[in-house]
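Student: Hey, dropping data-v2.txt in here, compact mmCIF, C-alpha atoms and all ligand atoms:
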# COMPACT_ATOMS: atom_id res chain seq x y z
CA MET P 1 21.41 109.43 125.14
CA LYS P 2 21.83 108.03 128.64
CA VAL P 3 21.48 110.75 131.25
CA GLY P 4 22.48 110.85 134.93
CA VAL P 5 20.79 113.46 137.13
CA ILE P 6 22.62 115.16 140.02
CA GLY P 7 20.28 117.01 142.42
CA CYS P 8 16.92 115.47 143.26
CA GLY P 9 15.17 118.41 144.97
CA ASN P 10 12.10 120.43 144.13
CA ILE P 11 12.52 120.88 140.37
CA SER P 12 13.75 117.35 139.64
CA SER P 13 10.26 115.85 139.59
CA VAL P 14 9.19 118.17 136.73
CA TYR P 15 12.31 117.27 134.73
CA LEU P 16 11.90 113.54 135.32
CA ARG P 17 8.22 113.63 134.37
CA VAL P 18 8.68 115.71 131.20
CA ALA P 19 11.87 113.92 130.10
CA GLN P 20 9.75 110.83 129.53
CA ARG P 21 8.09 112.69 126.63
CA PHE P 22 11.38 113.06 124.73
CA PRO P 23 12.88 110.01 122.99
CA GLN P 24 16.27 111.78 123.07
CA ILE P 25 16.48 111.45 126.88
CA GLU P 26 16.88 108.20 128.83
CA VAL P 27 17.46 108.87 132.53
CA VAL P 28 19.41 105.89 133.92
CA ALA P 29 20.73 107.17 137.28
CA LEU P 30 20.07 109.70 140.03
CA ALA P 31 22.37 111.18 142.67
CA ASP P 32 21.98 113.69 145.50
CA LEU P 33 24.00 114.73 148.55
CA VAL P 34 20.97 113.47 150.47
CA LEU P 35 20.76 109.91 149.17
CA GLU P 36 17.19 109.50 150.44
CA ARG P 37 16.01 112.15 147.95
CA ALA P 38 17.56 110.28 145.05
CA LYS P 39 16.03 107.00 146.27
CA GLU P 40 12.59 108.57 146.57
CA ARG P 41 12.70 110.01 143.03
CA ALA P 42 14.10 106.74 141.63
CA GLU P 43 11.12 104.85 143.02
CA GLN P 44 8.67 107.49 141.84
CA PHE P 45 10.00 107.49 138.25
CA ASN P 46 11.31 103.95 137.98
CA ILE P 47 14.97 104.93 137.48
CA PRO P 48 17.30 101.91 137.76
CA LYS P 49 20.38 103.35 139.54
CA VAL P 50 20.82 105.46 142.69
CA TYR P 51 24.35 106.75 143.17
CA SER P 52 26.64 109.05 145.11
CA VAL P 53 27.91 111.90 142.90
CA GLU P 54 31.29 110.14 142.56
CA GLU P 55 29.66 106.88 141.47
CA LEU P 56 27.46 108.64 138.93
CA LEU P 57 30.42 110.47 137.37
CA ALA P 58 32.40 107.21 137.25
CA ASP P 59 29.69 105.24 135.41
CA PRO P 60 30.82 104.90 131.77
CA GLU P 61 27.25 104.25 130.61
CA ILE P 62 26.25 107.84 131.42
CA GLU P 63 26.88 110.20 128.49
CA VAL P 64 25.18 113.37 129.74
CA VAL P 65 24.91 114.83 133.25
CA LEU P 66 21.81 116.86 134.09
CA ASN P 67 22.82 119.17 136.97
CA LEU P 68 19.78 120.20 139.05
CA THR P 69 21.64 121.26 142.19
CA VAL P 70 21.65 124.69 143.85
CA PRO P 71 23.42 127.65 142.12
CA GLN P 72 26.60 127.63 144.26
CA VAL P 73 27.58 124.17 143.00
CA HIS P 74 26.42 124.46 139.36
CA ALA P 75 29.83 125.41 137.92
CA PRO P 76 31.98 123.15 140.18
CA LEU P 77 29.81 120.13 139.33
CA ASN P 78 29.68 121.05 135.63
CA LYS P 79 33.49 121.03 135.63
CA ARG P 80 33.60 117.64 137.34
CA ALA P 81 31.15 116.21 134.80
CA LEU P 82 33.23 117.51 131.87
CA GLU P 83 36.43 116.18 133.49
CA ALA P 84 34.69 112.81 133.80
CA GLY P 85 34.12 112.82 130.01
CA LYS P 86 30.42 113.69 129.89
CA HIS P 87 28.30 116.35 128.25
CA VAL P 88 26.49 118.50 130.81
CA TYR P 89 23.21 120.42 130.93
CA CYS P 90 22.67 122.58 133.98
CA GLU P 91 19.84 124.42 135.72
CA LYS P 92 20.17 128.19 135.78
CA PRO P 93 22.14 130.28 136.62
CA PHE P 94 25.23 129.11 134.70
CA GLY P 95 27.39 130.11 137.65
CA VAL P 96 27.51 132.44 140.61
CA HIS P 97 30.38 134.52 139.21
CA ARG P 98 31.92 134.98 135.78
CA GLU P 99 35.25 133.25 136.42
CA GLU P 100 33.81 129.86 137.33
CA ALA P 101 31.28 130.00 134.49
CA PHE P 102 33.98 130.94 131.98
CA GLU P 103 36.10 128.00 133.16
CA VAL P 104 33.18 125.67 132.37
CA LEU P 105 32.91 127.10 128.83
CA GLU P 106 36.66 126.76 128.30
CA LEU P 107 36.79 123.21 129.63
CA ALA P 108 33.90 122.15 127.38
CA ARG P 109 35.67 123.69 124.40
CA GLN P 110 39.00 122.00 125.21
CA LYS P 111 37.43 118.61 125.81
CA ASN P 112 34.98 118.94 122.92
CA PHE P 113 31.90 118.21 125.04
CA ARG P 114 28.64 120.13 124.97
CA VAL P 115 27.50 122.36 127.79
CA GLY P 116 23.90 123.54 127.91
CA CYS P 117 21.96 125.56 130.44
CA ALA P 118 18.41 126.40 131.44
CA PRO P 119 16.17 128.18 130.85
CA ASP P 120 14.71 126.42 127.83
CA THR P 121 11.39 128.26 127.99
CA PHE P 122 12.54 130.51 125.12
CA LEU P 123 12.27 127.42 122.89
CA GLY P 124 8.54 127.23 123.66
CA ALA P 125 5.52 128.40 121.66
CA GLY P 126 5.17 131.84 123.27
CA ILE P 127 8.64 133.23 122.67
CA GLN P 128 9.18 131.41 119.35
CA THR P 129 5.93 132.95 118.03
CA SER P 130 7.15 136.37 119.21
CA LEU P 131 10.49 135.77 117.46
CA GLN P 132 8.71 134.80 114.25
CA LEU P 133 6.71 138.06 114.35
CA ILE P 134 9.85 140.16 114.92
CA ARG P 135 11.65 138.38 112.07
CA GLU P 136 8.65 138.91 109.76
CA GLY P 137 8.85 142.65 110.49
CA ALA P 138 5.47 142.80 112.30
CA ILE P 139 6.71 145.58 114.61
CA GLY P 140 9.31 147.14 112.27
CA GLN P 141 12.78 148.04 113.53
CA LEU P 142 13.49 147.25 117.19
CA VAL P 143 13.42 150.31 119.45
CA GLY P 144 13.29 148.96 122.97
CA ALA P 145 11.68 146.64 125.50
CA SER P 146 10.44 146.40 129.08
CA ALA P 147 10.91 143.38 131.35
CA PHE P 148 9.41 143.17 134.83
CA MET P 149 9.56 140.35 137.38
CA LEU P 150 8.20 141.65 140.66
CA SER P 151 7.34 139.26 143.48
CA ALA P 152 7.37 138.98 147.27
CA GLY P 153 10.11 136.30 147.30
CA HIS P 154 10.17 132.53 147.86
CA GLU P 155 10.27 132.10 151.66
CA SER P 156 6.52 131.60 151.90
CA TRP P 157 6.40 128.43 149.73
CA HIS P 158 9.82 126.87 149.00
CA PRO P 159 10.76 124.22 151.60
CA ASP P 160 14.43 125.31 151.59
CA PRO P 161 14.46 128.98 150.49
CA GLU P 162 17.78 130.16 151.95
CA PHE P 163 19.75 129.91 148.69
CA TYR P 164 17.49 132.51 147.07
CA TYR P 165 19.00 135.18 149.37
CA LYS P 166 22.69 134.22 149.06
CA PRO P 167 25.17 135.14 146.29
CA GLY P 168 23.94 133.27 143.22
CA GLY P 169 20.33 133.88 144.25
CA GLY P 170 18.35 137.13 144.41
CA PRO P 171 15.70 138.01 141.83
CA MET P 172 18.25 138.73 139.10
CA LEU P 173 20.13 135.42 139.13
CA ASP P 174 16.99 133.43 140.05
CA MET P 175 14.40 134.88 137.65
CA GLY P 176 16.59 137.08 135.44
CA PRO P 177 17.71 134.07 133.37
CA TYR P 178 14.15 133.67 132.01
CA TYR P 179 13.78 137.34 131.16
CA ILE P 180 17.28 138.13 129.95
CA THR P 181 17.49 134.91 127.90
CA ALA P 182 14.14 135.78 126.32
CA LEU P 183 15.36 139.30 125.50
CA VAL P 184 18.64 138.04 123.99
CA SER P 185 16.86 135.35 121.97
CA LEU P 186 14.38 137.95 120.65
CA MET P 187 16.65 140.99 120.24
CA GLY P 188 20.22 139.69 120.08
CA PRO P 189 23.29 140.18 122.28
CA VAL P 190 23.76 143.08 124.71
CA ARG P 191 26.47 145.75 124.53
CA ARG P 192 26.23 147.56 127.90
CA VAL P 193 24.26 147.66 131.16
CA ALA P 194 23.40 150.33 133.76
CA GLY P 195 21.85 149.27 137.07
CA ILE P 196 20.89 150.32 140.58
CA SER P 197 20.17 147.71 143.26
CA ARG P 198 19.39 147.42 146.98
CA ILE P 199 18.84 144.97 149.81
CA THR P 200 15.48 146.02 151.23
CA ARG P 201 15.33 143.68 154.28
CA PRO P 202 18.67 142.33 155.62
CA GLN P 203 16.79 139.52 157.41
CA ARG P 204 13.82 137.53 156.12
CA THR P 205 11.68 135.02 158.03
CA ILE P 206 10.75 131.66 156.51
CA THR P 207 6.98 131.03 156.63
CA SER P 208 6.97 127.74 154.67
CA GLN P 209 7.40 124.28 156.23
CA PRO P 210 9.56 122.62 157.48
CA LYS P 211 11.77 125.62 158.38
CA TYR P 212 8.94 127.88 159.58
CA GLY P 213 10.20 130.75 161.77
CA GLU P 214 13.90 130.48 160.84
CA THR P 215 15.70 133.70 159.86
CA ILE P 216 17.61 134.12 156.60
CA GLN P 217 20.51 136.62 156.44
CA VAL P 218 20.12 138.34 153.07
CA GLU P 219 23.46 138.63 151.24
CA THR P 220 22.39 139.66 147.74
CA PRO P 221 20.31 142.60 146.36
CA THR P 222 16.57 141.93 146.33
CA HIS P 223 15.37 144.94 144.28
CA ILE P 224 17.27 145.66 141.06
CA THR P 225 16.42 148.03 138.25
CA GLY P 226 18.30 149.24 135.21
CA ALA P 227 18.70 149.36 131.47
CA VAL P 228 20.43 147.30 128.82
CA GLU P 229 21.57 148.42 125.38
CA PHE P 230 21.59 145.74 122.69
CA ALA P 231 24.29 145.49 120.03
CA ASN P 232 21.64 146.60 117.49
CA GLY P 233 21.06 149.84 119.45
CA ALA P 234 17.66 148.94 121.01
CA ILE P 235 17.29 149.68 124.75
CA ALA P 236 15.39 147.69 127.40
CA THR P 237 14.23 148.67 130.89
CA VAL P 238 14.52 145.80 133.39
CA THR P 239 13.27 145.47 136.99
CA MET P 240 13.66 142.28 139.06
CA SER P 241 12.42 142.21 142.66
CA PHE P 242 11.66 139.97 145.64
CA ASP P 243 10.32 143.02 147.54
CA VAL P 244 7.03 143.83 145.77
CA GLN P 245 3.65 142.80 147.19
CA ALA P 246 1.52 143.66 144.13
CA HIS P 247 1.85 145.21 140.66
CA ARG P 248 0.14 145.46 137.27
CA LEU P 249 3.12 145.53 134.92
CA PRO P 250 3.51 143.16 131.95
CA CYS P 251 6.26 140.52 131.91
CA ILE P 252 7.87 141.60 128.64
CA GLU P 253 6.92 144.12 125.95
CA ILE P 254 8.95 144.68 122.79
CA TYR P 255 8.67 148.05 121.05
CA GLY P 256 9.28 148.49 117.32
CA THR P 257 8.96 151.42 114.93
CA GLU P 258 5.70 149.93 113.56
CA GLY P 259 4.11 148.31 116.60
CA THR P 260 4.34 146.66 120.02
CA LEU P 261 4.49 143.01 121.00
CA GLN P 262 3.45 141.72 124.40
CA VAL P 263 5.45 138.54 125.06
CA PRO P 264 4.02 135.95 127.49
CA ASP P 265 5.64 135.05 130.84
CA PRO P 266 9.14 133.75 129.95
CA ASN P 267 8.98 131.43 132.98
CA GLY P 268 6.58 129.30 130.93
CA PHE P 269 6.45 127.76 127.47
CA GLY P 270 3.05 128.89 126.18
CA GLY P 271 0.97 131.98 126.97
CA GLN P 272 -0.73 134.52 124.72
CA VAL P 273 1.22 136.73 122.34
CA TRP P 274 -0.42 140.12 121.81
CA LEU P 275 0.32 142.47 118.91
CA ARG P 276 -0.77 146.04 118.29
CA ARG P 277 0.48 147.73 115.15
CA ALA P 278 0.46 151.45 114.34
CA GLY P 279 -3.09 152.38 113.31
CA ASP P 280 -4.74 149.34 114.97
CA THR P 281 -7.70 150.22 117.19
CA ASP P 282 -7.06 147.36 119.61
CA TRP P 283 -4.63 144.57 120.55
CA GLN P 284 -4.90 141.21 118.77
CA VAL P 285 -3.91 137.79 120.03
CA VAL P 286 -1.58 136.04 117.58
CA ALA P 287 -2.02 132.27 117.22
CA HIS P 288 1.10 130.25 118.10
CA THR P 289 3.28 129.43 115.11
CA HIS P 290 5.39 126.90 117.05
CA PRO P 291 4.82 123.87 119.31
CA TYR P 292 5.57 123.37 123.06
CA ASP P 293 2.92 125.49 124.75
CA GLU P 294 2.80 123.74 128.15
CA GLN P 295 5.30 122.50 130.78
CA TYR P 296 8.22 121.17 128.70
CA ARG P 297 11.16 121.69 131.10
CA SER P 298 13.93 119.43 129.66
CA LEU P 299 13.19 120.56 126.07
CA GLY P 300 16.58 122.31 126.09
CA LEU P 301 18.32 119.07 127.12
CA ALA P 302 16.44 117.06 124.46
CA GLU P 303 17.37 119.70 121.86
CA MET P 304 21.04 119.57 122.97
CA ILE P 305 21.10 115.77 122.64
CA GLN P 306 19.53 115.97 119.19
CA ALA P 307 22.13 118.61 118.23
CA ILE P 308 24.95 116.27 119.36
CA GLN P 309 23.46 113.48 117.26
CA GLN P 310 23.01 115.78 114.26
CA ASN P 311 26.40 117.47 114.72
CA ARG P 312 24.95 121.00 114.79
CA PRO P 313 25.02 123.78 117.44
CA HIS P 314 22.45 123.53 120.24
CA ARG P 315 20.24 126.43 121.23
CA ALA P 316 20.21 126.59 125.06
CA SER P 317 24.00 126.81 124.94
CA GLY P 318 26.71 127.59 127.48
CA ALA P 319 27.75 130.61 125.39
CA LEU P 320 24.21 132.06 125.61
CA ALA P 321 24.03 131.29 129.35
CA TYR P 322 27.43 132.88 129.94
CA HIS P 323 26.39 136.06 128.13
CA VAL P 324 23.14 136.14 130.14
CA LEU P 325 25.12 135.70 133.40
CA ASP P 326 27.49 138.49 132.36
CA ILE P 327 24.49 140.80 131.73
CA MET P 328 22.81 139.90 135.05
CA LEU P 329 25.98 140.43 137.12
CA ALA P 330 26.56 143.76 135.36
CA PHE P 331 23.43 145.25 137.01
CA ASN P 332 24.97 144.96 140.48
CA ASP P 333 28.48 145.84 139.26
CA SER P 334 27.07 148.98 137.69
CA SER P 335 25.21 149.85 140.89
CA ALA P 336 28.34 149.38 143.01
CA LEU P 337 30.59 151.32 140.61
CA GLY P 338 28.14 154.07 139.68
CA ALA P 339 28.98 153.56 135.99
CA HIS P 340 27.76 151.77 132.85
CA ILE P 341 29.31 148.34 132.36
CA SER P 342 30.48 147.51 128.82
CA LEU P 343 30.24 143.75 128.41
CA GLU P 344 33.17 141.63 127.33
CA SER P 345 31.00 138.68 126.37
CA THR P 346 28.63 138.23 123.46
CA CYS P 347 26.88 135.30 121.78
CA GLU P 348 25.07 134.30 118.62
CA GLN P 349 21.31 134.90 118.70
CA PRO P 350 19.91 131.33 118.88
CA GLU P 351 18.35 130.06 115.65
CA PRO P 352 14.53 129.96 115.66
CA MET P 353 13.09 126.52 116.47
CA PRO P 354 11.71 124.51 113.54
CA LYS P 355 7.93 124.86 113.29
CA GLU P 356 7.56 121.07 113.63
CA GLY P 357 9.53 121.05 116.90
CA LEU P 358 12.26 118.46 117.48
CA GLY P 359 10.26 115.63 115.92
CA SER P 360 11.06 116.20 112.28
CA GLU P 361 14.11 118.42 112.48
N1 LIG S 1 12.03 125.04 142.45
C1 LIG S 1 11.69 125.59 141.31
O1 LIG S 1 10.52 125.89 141.06
C2 LIG S 1 12.74 125.85 140.25
C3 LIG S 1 12.29 126.20 139.00
C4 LIG S 1 13.21 126.39 137.99
C5 LIG S 1 14.54 126.25 138.24
N2 LIG S 1 14.99 125.95 139.47
C6 LIG S 1 16.44 125.86 139.67
O2 LIG S 1 16.76 124.50 139.87
C7 LIG S 1 17.85 124.40 140.79
C8 LIG S 1 17.42 123.53 141.94
O3 LIG S 1 16.30 124.13 142.55
P1 LIG S 1 15.37 123.30 143.56
O4 LIG S 1 14.22 124.17 143.85
O5 LIG S 1 15.14 121.94 142.99
O6 LIG S 1 16.35 123.24 144.83
P2 LIG S 1 16.31 122.16 146.01
O7 LIG S 1 17.09 122.75 147.13
O8 LIG S 1 14.92 121.71 146.25
O9 LIG S 1 17.11 120.92 145.37
C9 LIG S 1 18.52 120.92 145.13
C10 LIG S 1 19.04 119.52 145.41
O10 LIG S 1 20.43 119.49 145.08
C11 LIG S 1 21.10 118.72 146.07
N3 LIG S 1 22.50 119.14 146.11
C12 LIG S 1 23.00 120.34 146.53
N4 LIG S 1 24.33 120.33 146.41
C13 LIG S 1 24.69 119.13 145.90
C14 LIG S 1 25.92 118.54 145.56
N5 LIG S 1 27.08 119.18 145.72
N6 LIG S 1 25.91 117.29 145.07
C15 LIG S 1 24.75 116.62 144.91
N7 LIG S 1 23.55 117.12 145.23
C16 LIG S 1 23.52 118.37 145.72
C17 LIG S 1 20.36 119.02 147.36
O11 LIG S 1 20.57 118.02 148.33
C18 LIG S 1 18.91 119.10 146.86
O12 LIG S 1 18.25 117.84 146.94
C19 LIG S 1 18.22 125.83 141.19
O13 LIG S 1 19.29 126.27 140.41
C20 LIG S 1 16.97 126.62 140.86
O14 LIG S 1 17.30 127.94 140.50
C21 LIG S 1 14.10 125.71 140.48
Rewrite the structure of this file - the entire thing - as structure tokens.
Ligand SMILES: NC(=O)c1ccc[n+]([C@@H]2O[C@H](COP(=O)([O-])OP(=O)(O)OC[C@H]3O[C@@H](n4cnc5c(N)ncnc54)[C@H](O)[C@@H]3O)[C@@H](O)[C@H]2O)c1

Tutor:
Amino acid sequence: MKVGVIGCGNISSVYLRVAQRFPQIEVVALADLVLERAKERAEQFNIPKVYSVEELLADPEIEVVLNLTVPQVHAPLNKRALEAGKHVYCEKPFGVHREEAFEVLELARQKNFRVGCAPDTFLGAGIQTSLQLIREGAIGQLVGASAFMLSAGHESWHPDPEFYYKPGGGPMLDMGPYYITALVSLMGPVRRVAGISRITRPQRTITSQPKYGETIQVETPTHITGAVEFANGAIATVTMSFDVQAHRLPCIEIYGTEGTLQVPDPNGFGGQVWLRRAGDTDWQVVAHTHPYDEQYRSLGLAEMIQAIQQNRPHRASGALAYHVLDIMLAFNDSSALGAHISLESTCEQPEPMPKEGLGSE
């Protein structure tokens, strides 16, 4: 299908490069608030049209909008794309607050257009292999999980890092989508959340170029820890931080009655899957059972387009992204309220990917 991209910043070059690998995606136009950025990318990737956002949305040739803007404008632009009669696939998070994200879901339902959302890394070899093992009963009944994303933040490398410290940013809404989406895809929907969070440094100094030396006012928690209870009764411990200089914790471990699974970094497609079953003397690496083990960002968009063409549900769906957003926001709500948050949202656990990938589905 013919795709128009809105937002030609940092991540757009990865999308535009990888999209060329999928026959489902034909990028025909680019737009950005800063027209120069769109022009630059269009030259780099040989894209025929450079537009303002209005022009892109008005072009009848464009069937799908790929929204790669910053979090604060994800939901407003998604709504505009749906109003303009286009399917939309968006970078994460699905919104900055629940209301705007829910409006996107509702609008898509009313207008009968698809809405999809990153991350799509859970469709890759690492997490799909882990899912296969869980489904085969390799670790028995699910008991719990751990998920840790601990870093020192983004102001040392990202050219424009301010948005990471505003509402819609922070480690939970920035990196949580990878971890929480992985957990939901592996273990199912979540029932309730308990969290505690803090802002460690109210001001942070940019040390990347070109904004070196500028101060960022931090307006969202930067160290968040808590627990989630899945609908099936399993419990996960989650910590997301931009305030940690070093650590030795795994990304994700899944605990079952018969064994433990170490899941690779959910901010990637491949990575090693480790299994240790009760009675084993050591961990074993499990060979990937599924394809997509390298940078495949845009796989979720390609899968959504194929789903439209095959008239079946798509996997990186708005409903999944909304449930993930609801879970992530519940950590801070719980911290502020001093109480567990019972979630109002839920979603279907996405179907496993076919072992042949999209090619022969
Ligand atoms: N940089 C990464 O490594 C990375 C990785 C994965 C996901 N993401 C996600 O991708 C999104 C974009 O991140 P980025 O790093 O590319 O940010 P960025 O700031 O480099 O790029 C965003 C672009 O969107 C444009 N934009 C902002 N508002 C707009 C509007 N209303 N209309 C049109 N264009 C608008 C900006 O001008 C900018 O060019 C974020 O949601 C981020 O979480 C980024």

Student: Using only C-alpha atoms, determine which residues lie at most 7 Å from Ser12 of chain P, disregarding the query and same-chain residues fewer than 4 positions distant; provide the list as a ChimeraX atom specification.

Tutor: /P:8,16,68

Student: For atom CA of Ala316 of chain P and atom CA of Tyr178 of chain P, quote the distance in Å rounded to one decimal.

Tutor: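 Rounded to one decimal, the two atoms are 11.6 Å apart.
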
Student: Counting all atoms listed in the file, which residues in chain P sit no more than 6 Å from ligand LIG 1 (chain S)? For each one, give the nearest pair of atoms and the distance in Å, sorted by chain then residue number, as JSON lines.

Tutor:
{"residue": "P:Ile6", "atom": "CA", "partner": "S:LIG1", "partner_atom": "C15", "distance": 5.5}
{"residue": "P:Gly7", "atom": "CA", "partner": "S:LIG1", "partner_atom": "O10", "distance": 3.6}
{"residue": "P:Cys8", "atom": "CA", "partner": "S:LIG1", "partner_atom": "O12", "distance": 4.6}
{"residue": "P:Gly9", "atom": "CA", "partner": "S:LIG1", "partner_atom": "O9", "distance": 3.2}
{"residue": "P:Asn10", "atom": "CA", "partner": "S:LIG1", "partner_atom": "O5", "distance": 3.6}
{"residue": "P:Ile11", "atom": "CA", "partner": "S:LIG1", "partner_atom": "O5", "distance": 3.9}
{"residue": "P:Ser12", "atom": "CA", "partner": "S:LIG1", "partner_atom": "O5", "distance": 5.9}
{"residue": "P:Asp32", "atom": "CA", "partner": "S:LIG1", "partner_atom": "N7", "distance": 3.8}
{"residue": "P:Leu33", "atom": "CA", "partner": "S:LIG1", "partner_atom": "N7", "distance": 4.1}
{"residue": "P:Val34", "atom": "CA", "partner": "S:LIG1", "partner_atom": "O11", "distance": 5.0}
{"residue": "P:Leu68", "atom": "CA", "partner": "S:LIG1", "partner_atom": "C7", "distance": 4.9}
{"residue": "P:Thr69", "atom": "CA", "partner": "S:LIG1", "partner_atom": "O10", "distance": 3.6}
{"residue": "P:Val70", "atom": "CA", "partner": "S:LIG1", "partner_atom": "O13", "distance": 4.5}
{"residue": "P:Pro71", "atom": "CA", "partner": "S:LIG1", "partner_atom": "O13", "distance": 4.7}
{"residue": "P:Val73", "atom": "CA", "partner": "S:LIG1", "partner_atom": "N5", "distance": 5.7}
{"residue": "P:Glu91", "atom": "CA", "partner": "S:LIG1", "partner_atom": "O13", "distance": 5.1}
{"residue": "P:Lys92", "atom": "CA", "partner": "S:LIG1", "partner_atom": "O13", "distance": 5.1}
{"residue": "P:Asp160", "atom": "CA", "partner": "S:LIG1", "partner_atom": "O7", "distance": 5.8}
{"residue": "P:Asp174", "atom": "CA", "partner": "S:LIG1", "partner_atom": "O14", "distance": 5.5}

Student: Grab the residues selected above and save them as a PDB file, in the coordinates of the input with C-alpha atoms.

Tutor:
ATOM      1  CA  ILE P   6      22.620 115.160 140.020  1.00  0.00           C
ATOM      2  CA  GLY P   7      20.280 117.010 142.420  1.00  0.00           C
ATOM      3  CA  CYS P   8      16.920 115.470 143.260  1.00  0.00           C
ATOM      4  CA  GLY P   9      15.170 118.410 144.970  1.00  0.00           C
ATOM      5  CA  ASN P  10      12.100 120.430 144.130  1.00  0.00           C
ATOM      6  CA  ILE P  11      12.520 120.880 140.370  1.00  0.00           C
ATOM      7  CA  SER P  12      13.750 117.350 139.640  1.00  0.00           C
ATOM      8  CA  ASP P  32      21.980 113.690 145.500  1.00  0.00           C
ATOM      9  CA  LEU P  33      24.000 114.730 148.550  1.00  0.00           C
ATOM     10  CA  VAL P  34      20.970 113.470 150.470  1.00  0.00           C
ATOM     11  CA  LEU P  68      19.780 120.200 139.050  1.00  0.00           C
ATOM     12  CA  THR P  69      21.640 121.260 142.190  1.00  0.00           C
ATOM     13  CA  VAL P  70      21.650 124.690 143.850  1.00  0.00           C
ATOM     14  CA  PRO P  71      23.420 127.650 142.120  1.00  0.00           C
ATOM     15  CA  VAL P  73      27.580 124.170 143.000  1.00  0.00           C
ATOM     16  CA  GLU P  91      19.840 124.420 135.720  1.00  0.00           C
ATOM     17  CA  LYS P  92      20.170 128.190 135.780  1.00  0.00           C
ATOM     18  CA  ASP P 160      14.430 125.310 151.590  1.00  0.00           C
ATOM     19  CA  ASP P 174      16.990 133.430 140.050  1.00  0.00           C
TER      20      ASP P 174
END

Student: So, counting only C-alpha atoms, which residue among P:Ala321, P:Gly126, P:Ile47, P:Glu36 is closest to Val96 of chain P?

Tutor: P:Ala321

Student: Against segment 285-302 of chain P, which residues of segment 34-77 of chain P fall within 10 Å? For each one I want the closest pair of atoms and the distance in Å (one decimal), counting only C-alpha atoms, rows by chain and increasing residue number, as a tab-separated table.

Tutor:
residue	atom	partner	partner_atom	distance
P:Val64	CA	P:Leu301	CA	9.3
P:Val65	CA	P:Leu301	CA	9.9
P:Leu66	CA	P:Leu301	CA	8.1

Student: Keeping only C-alpha atoms, write those residues as a PDB file, keeping the file's coordinate frame.

Tutor:
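Final output, saved to out_21.pdb:
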ATOM      1  CA  VAL P  64      25.180 113.370 129.740  1.00  0.00           C
ATOM      2  CA  VAL P  65      24.910 114.830 133.250  1.00  0.00           C
ATOM      3  CA  LEU P  66      21.810 116.860 134.090  1.00  0.00           C
TER       4      LEU P  66
END

Student: In Å, how far is it from atom CA of Val184 of chain P to atom CA of Glu136 of chain P?

Tutor: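 Spanning atom CA of Val184 of chain P to atom CA of Glu136 of chain P is a straight-line distance of 17.4 Å.
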
Student: When distances are computed from all atoms listed in the file, which of P:Val53, P:Ala31, P:Ala330, P:Cys251 shows the smallest separation from Ala147 of chain P?

Tutor: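 Among P:Val53, P:Ala31, P:Ala330, P:Cys251, it is P:Cys251 that comes nearest to Ala147 of chain P.
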
Student: Taking (17.6, 138.8, 132.8) in the file's coordinates as the center, which residues reach within 10 Å of it, counting all atoms listed in the file, put as a list in words?

Tutor: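 Residues found, by chain and rising number: Ala147, Phe148, Met149, Pro171, Met172, Leu173, Asp174, Met175, Gly176, Pro177, Tyr178, Tyr179, Ile180, Thr181, Ala182, Leu183, Val184, Val228, Val238, Thr239, Met240, Val324, Leu325, Asp326, Ile327, Met328, Leu329 and Phe331 of chain P.
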
Student: Please produce a file of those selected residues containing C-alpha atoms, as a compact mmCIF listing (two decimals), in the frame of the given file.

Tutor:
# COMPACT_ATOMS: atom_id res chain seq x y z
CA ALA P 147 10.91 143.38 131.35
CA PHE P 148 9.41 143.17 134.83
CA MET P 149 9.56 140.35 137.38
CA PRO P 171 15.70 138.01 141.83
CA MET P 172 18.25 138.73 139.10
CA LEU P 173 20.13 135.42 139.13
CA ASP P 174 16.99 133.43 140.05
CA MET P 175 14.40 134.88 137.65
CA GLY P 176 16.59 137.08 135.44
CA PRO P 177 17.71 134.07 133.37
CA TYR P 178 14.15 133.67 132.01
CA TYR P 179 13.78 137.34 131.16
CA ILE P 180 17.28 138.13 129.95
CA THR P 181 17.49 134.91 127.90
CA ALA P 182 14.14 135.78 126.32
CA LEU P 183 15.36 139.30 125.50
CA VAL P 184 18.64 138.04 123.99
CA VAL P 228 20.43 147.30 128.82
CA VAL P 238 14.52 145.80 133.39
CA THR P 239 13.27 145.47 136.99
CA MET P 240 13.66 142.28 139.06
CA VAL P 324 23.14 136.14 130.14
CA LEU P 325 25.12 135.70 133.40
CA ASP P 326 27.49 138.49 132.36
CA ILE P 327 24.49 140.80 131.73
CA MET P 328 22.81 139.90 135.05
CA LEU P 329 25.98 140.43 137.12
CA PHE P 331 23.43 145.25 137.01

Student: Have a look at atom CA of Arg204 of chain P and atom CA of Phe163 of chain P and let me know their distance in Å, one decimal.

Tutor: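 According to the coordinates, atom CA of Arg204 of chain P and atom CA of Phe163 of chain P are separated by 12.2 Å.
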
Student: Show me, as a list in words, the residues that have an atom within 6 Å of Ser146 of chain P when counting all atoms listed in the file, minus same-chain residues fewer than 5 positions from it.

Tutor: Ala236, Thr237, Val238, Ile252 and Glu253 of chain P

Student: Would you please work out which residue, of P:Gly95, P:Gly338, P:Pro313, P:Pro354, is nearest to Ser197 of chain P when using all atoms listed in the file?

Tutor: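 Smallest separation from Ser197 of chain P among the options: P:Gly338.
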
Student: List the spatial neighbours of Leu320 of chain P as a ChimeraX atom specification - criterion: any atom at most 9 Å away, only C-alpha atoms, same-chain residues fewer than 5 positions off excluded.

Tutor: /P:116-117,181,184-185,189,315,325,346-350

Student: Taking (29.8, 104.4, 129.8) in the file's coordinates as the center, which residues reach within 12 Å of it, counting all atoms listed in the file, put as number ranges by chain?

Tutor: P: 1-4, 28, 55-64, 84-86

Student: So that I can check the surroundings of Glu43 of chain P, please list as a list in words every protein, DNA and RNA residue that reaches within 12 Å of it, counting all atoms listed in the file and ignoring chain neighbours fewer than 4 positions away.

Tutor: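 The contact residues come out as Ser13, Leu16, Ala29, Leu30, Glu36, Arg37, Ala38, Lys39, Ile47, Pro48, Lys49 and Val50 of chain P.
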